[in-house]
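As structure tokens, the structure follows; a few thoughts come after it.
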Amino acid sequence: MSTATVSHVLNGRFERVGDETRVRVLTTMRELGYRPPPMEDRQKAIHTRNLGYMVEDLSYSPIFTNSYFAYVLDGILEAAALQGWSTTIFVQRMWHANIGQAIRRNYDGRCDGLLLMAPAYQSETINMLYERGVPMVMIGATSWIKGISSVDIDNRATAAAATVYLIERGHRRIGYIAGWHSSISSNEREDGYRQALLDAGLEVRADWVFKRWEMGKNWPQVFVEAFLAMPQSERPTAFVGWNDLLSSEVVTALVSCGISVPKDVSIVSIDDGPEASKSTPALTTFRQPLQLIGKRSVELLIDHIGDGGRFAETVRFSTHLVERQSVATIKSVS
């Protein structure tokens, strides 16, 4: 096989090689544990002792506005530094124009492996990185690729526990506030919520699941309008929120429209970031050990870099309930 053919595969020029040839090249790379050098460097690739931390996107002021990102990053930086590794942050959105070229320019020869922050399901970038044999660990998501390790909480069990918590306090009409359609954790938490209702013999209604991605930019107001449009006898008396950020925005929107939380509607959430305690009323939520998740992810990735990533692991941390003021106990209603 010619060096030109291999170069076409490495640089994502797949239109110049057949599918069978591309698979042969990528399979050989994985088997040999080959790491291409930087695009401008023709020397033999060596370990950089640098880890990549890839996020889908970064909002304005991410350290202060996204507590999940910030606390996980804190754990990553501490664990990496203690083992003598540095960390580089990549924004996946910036790679979308030409993924193959982006990988060559931004990753090859610069990092030994990648920590993937809550990746979207079936991400083309991650599928391509896996084909190239890049050691990776997913954070906050269950891997759809058997060869990639993941570190998270048990999303289904946590959402089920949140739902049972509401049931035990008399709630029978319980809704769910979902995140993005491509969010693995949001979908898993919805599964847990639904199963808990079914196990309790309670109704599961499609119109009680409010989907963030369907409600547009002003989604909290859209949520409140849809909630108030329901006959009062059919409205949920409580909600399980995908995470604290969404839940706190819902609380703010409800209160601003004269709806009392928890008197009129209760909300239990998941994360226990700063948003939970700052919300008015403060959110009852299930705490994630975010810094530990970051630290364990680093340990796994460094192990995989050393062993060629041949033994994928699924690590799940437990959560625990932090009770505050967003849930009321009511008399059971039908």
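For the structure tokens, the naming scheme is as follows: chains receive sequential letters (A, B, ...) according to their order of presentation, residues are indexed from 1 within each chain, and ligands are indexed from 1 in presentation order.
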- Message: Among segment 169-209 of chain A, which residues does DSSP mark as strand (DSSP E or B) when it is run on the backbone? Keep the chain and numbering as in the structure and answer as a list in words.
- Response: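 These are the residues in question: Ile174, Gly175, Tyr176, Ile177, Ala178 and Val209 of chain A.
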- Long-range neighbours of Asp57 of chain A as a count of residues only, 8 Å cut-off, only C-alpha atoms, 3 positions minimum in chain: 3
- Message: Give me the residues near Gln83 of chain A as a list of chain:residue names, where near means some atom within 12 Å (using only C-alpha atoms) and where sequence neighbours in that chain fewer than 6 positions away do not count.
- Response: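 Neighbouring residues, sequence-local ones excluded: A:Arg49, A:Asn50, A:Leu51, A:Ile76, A:Leu77, A:Lys295, A:Val298, A:Glu299, A:Leu301, A:Ile302, A:Asp303.
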- Find the residues around segment 242-248 of chain A up to 6 Å (only C-alpha atoms counted), leave out those fewer than 3 positions away in its own chain, and share them as a list in words. Ile177, Ala178, Ser186, Val251, Ser269, Ile270, Asp271, Ala276 and Ser279 of chain A
- Message: Please list as JSON, numbers by chain every residue within 8 Å of Asp112 of chain A, counting only C-alpha atoms and excluding residues in the same chain fewer than 5 positions away.
- Response: {"A": [35, 47, 48, 49, 50, 51, 52, 134, 135, 305]}
Got time to write the residues from that selection, all heavy atoms, as a compact mmCIF listing (two decimals), in the first residue's frame?
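Below is the file that was written, out34.txt:
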# COMPACT_ATOMS: atom_id res chain seq x y z
N ARG A 35 0.27 6.53 16.45
CA ARG A 35 -0.18 7.89 16.65
C ARG A 35 0.51 8.79 15.61
O ARG A 35 1.72 8.98 15.68
CB ARG A 35 0.18 8.40 18.05
CG ARG A 35 -0.34 7.52 19.16
CD ARG A 35 -1.83 7.73 19.40
NE ARG A 35 -2.30 6.84 20.43
CZ ARG A 35 -2.83 5.65 20.19
NH1 ARG A 35 -2.97 5.22 18.95
NH2 ARG A 35 -3.23 4.87 21.18
N HIS A 47 5.04 9.94 22.97
CA HIS A 47 4.04 10.39 23.92
C HIS A 47 4.27 11.84 24.29
O HIS A 47 5.39 12.26 24.60
CB HIS A 47 4.06 9.51 25.17
CG HIS A 47 3.41 8.18 24.98
ND1 HIS A 47 2.20 8.03 24.34
CD2 HIS A 47 3.80 6.93 25.35
CE1 HIS A 47 1.88 6.75 24.32
NE2 HIS A 47 2.83 6.06 24.92
N THR A 48 3.20 12.62 24.30
CA THR A 48 3.28 14.05 24.61
C THR A 48 3.02 14.33 26.08
O THR A 48 3.30 15.42 26.55
CB THR A 48 2.23 14.83 23.80
OG1 THR A 48 0.91 14.40 24.19
CG2 THR A 48 2.41 14.60 22.31
N ARG A 49 2.43 13.35 26.80
CA ARG A 49 1.97 13.53 28.16
C ARG A 49 1.00 14.72 28.26
O ARG A 49 1.04 15.51 29.20
CB ARG A 49 3.14 13.68 29.15
CG ARG A 49 4.03 12.44 29.23
CD ARG A 49 5.01 12.52 30.37
NE ARG A 49 4.37 12.41 31.67
CZ ARG A 49 4.00 11.27 32.25
NH1 ARG A 49 4.19 10.11 31.61
NH2 ARG A 49 3.43 11.28 33.43
N ASN A 50 0.17 14.80 27.23
CA ASN A 50 -0.86 15.82 27.19
C ASN A 50 -2.20 15.15 26.87
O ASN A 50 -2.28 14.34 25.93
CB ASN A 50 -0.53 16.86 26.11
CG ASN A 50 -1.56 17.98 26.08
OD1 ASN A 50 -1.98 18.49 27.11
ND2 ASN A 50 -1.97 18.36 24.89
N LEU A 51 -3.23 15.46 27.65
CA LEU A 51 -4.56 14.91 27.43
C LEU A 51 -5.45 15.98 26.80
O LEU A 51 -5.37 17.15 27.18
CB LEU A 51 -5.18 14.46 28.75
CG LEU A 51 -4.38 13.46 29.59
CD1 LEU A 51 -5.11 13.19 30.91
CD2 LEU A 51 -4.15 12.17 28.82
N GLY A 52 -6.30 15.58 25.88
CA GLY A 52 -7.29 16.49 25.32
C GLY A 52 -8.61 16.36 26.06
O GLY A 52 -9.02 15.25 26.42
N VAL A 134 -7.76 6.21 18.51
CA VAL A 134 -7.46 7.20 19.55
C VAL A 134 -7.99 6.73 20.90
O VAL A 134 -9.18 6.42 21.01
CB VAL A 134 -8.09 8.56 19.19
CG1 VAL A 134 -7.90 9.56 20.34
CG2 VAL A 134 -7.49 9.11 17.90
N PRO A 135 -7.16 6.66 21.94
CA PRO A 135 -7.66 6.32 23.28
C PRO A 135 -8.63 7.40 23.76
O PRO A 135 -8.32 8.59 23.71
CB PRO A 135 -6.39 6.29 24.14
CG PRO A 135 -5.26 6.12 23.18
CD PRO A 135 -5.69 6.82 21.93
N ILE A 305 -3.99 4.66 27.57
CA ILE A 305 -2.87 5.08 26.72
C ILE A 305 -1.71 4.09 26.89
O ILE A 305 -1.03 3.75 25.93
CB ILE A 305 -2.43 6.51 27.09
CG1 ILE A 305 -3.52 7.50 26.66
CG2 ILE A 305 -1.10 6.87 26.43
CD1 ILE A 305 -3.34 8.91 27.23
Which residues are near Ser277 of chain A? Cut-off 10 Å, only C-alpha atoms, ignore same chain within fewer than 5 positions. Put them as a PDB file with N, CA and C atoms, in the first residue's frame.
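Dumped everything to around.pdb:
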ATOM      1  N   ASP A 244     -29.823  20.766  37.048  1.00  0.00           N
ATOM      2  CA  ASP A 244     -30.119  21.942  37.865  1.00  0.00           C
ATOM      3  C   ASP A 244     -30.290  23.202  37.035  1.00  0.00           C
ATOM      4  N   SER A 248     -33.650  25.189  37.470  1.00  0.00           N
ATOM      5  CA  SER A 248     -33.656  26.522  38.071  1.00  0.00           C
ATOM      6  C   SER A 248     -34.297  27.545  37.148  1.00  0.00           C
ATOM      7  N   ASP A 272     -26.743  19.117  41.755  1.00  0.00           N
ATOM      8  CA  ASP A 272     -26.331  19.879  42.931  1.00  0.00           C
ATOM      9  C   ASP A 272     -25.145  20.773  42.631  1.00  0.00           C
ATOM     10  N   ALA A 282     -34.679  27.153  46.852  1.00  0.00           N
ATOM     11  CA  ALA A 282     -33.537  26.283  46.556  1.00  0.00           C
ATOM     12  C   ALA A 282     -34.026  24.900  46.150  1.00  0.00           C
ATOM     13  N   LEU A 283     -33.301  24.297  45.199  1.00  0.00           N
ATOM     14  CA  LEU A 283     -33.724  23.031  44.609  1.00  0.00           C
ATOM     15  C   LEU A 283     -33.364  21.819  45.467  1.00  0.00           C
ATOM     16  N   THR A 284     -34.325  20.947  45.638  1.00  0.00           N
ATOM     17  CA  THR A 284     -34.039  19.591  46.097  1.00  0.00           C
ATOM     18  C   THR A 284     -33.455  18.841  44.905  1.00  0.00           C
ATOM     19  N   THR A 285     -32.326  18.193  45.106  1.00  0.00           N
ATOM     20  CA  THR A 285     -31.617  17.618  43.959  1.00  0.00           C
ATOM     21  C   THR A 285     -30.788  16.410  44.388  1.00  0.00           C
ATOM     22  N   ARG A 324     -33.950  20.351  49.849  1.00  0.00           N
ATOM     23  CA  ARG A 324     -34.056  21.787  50.107  1.00  0.00           C
ATOM     24  C   ARG A 324     -35.540  22.172  50.129  1.00  0.00           C
ATOM     25  N   GLN A 325     -35.933  23.184  49.335  1.00  0.00           N
ATOM     26  CA  GLN A 325     -37.294  23.717  49.498  1.00  0.00           C
ATOM     27  C   GLN A 325     -38.186  23.612  48.259  1.00  0.00           C
TER      28      GLN A 325
END
- Counting only C-alpha atoms, the option among A:Val224, A:Leu26, A:Val151, A:Ile145 closest to Leu292 of chain A: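 Once distances to Leu292 of chain A are computed over only C-alpha atoms, the minimum belongs to A:Val151.
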- Task: Using backbone DSSP assignments, extract all alpha helix (DSSP H) residues from segment 71-251 of chain A; output them as an MDAnalysis selection string.
- Result: chainID A and resid 71:82 99:106 124:131 155:168 184:199 219:229 244:251
- Task: Would you mind telling me which residue in A:Gly201, A:Ala253, A:Asp264, A:Met230 lies nearest to Asn218 of chain A when using only C-alpha atoms?
- Result: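 Of A:Gly201, A:Ala253, A:Asp264, A:Met230, the one nearest Asn218 of chain A is A:Ala253, counting only C-alpha atoms.
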- Task: Measure the distance from atom CA of Gly216 of chain A to atom CA of Ser182 of chain A in Å and round it to one decimal.
- Result: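 Computed distance, atom CA of Gly216 of chain A to atom CA of Ser182 of chain A, equals 15.5 Å.
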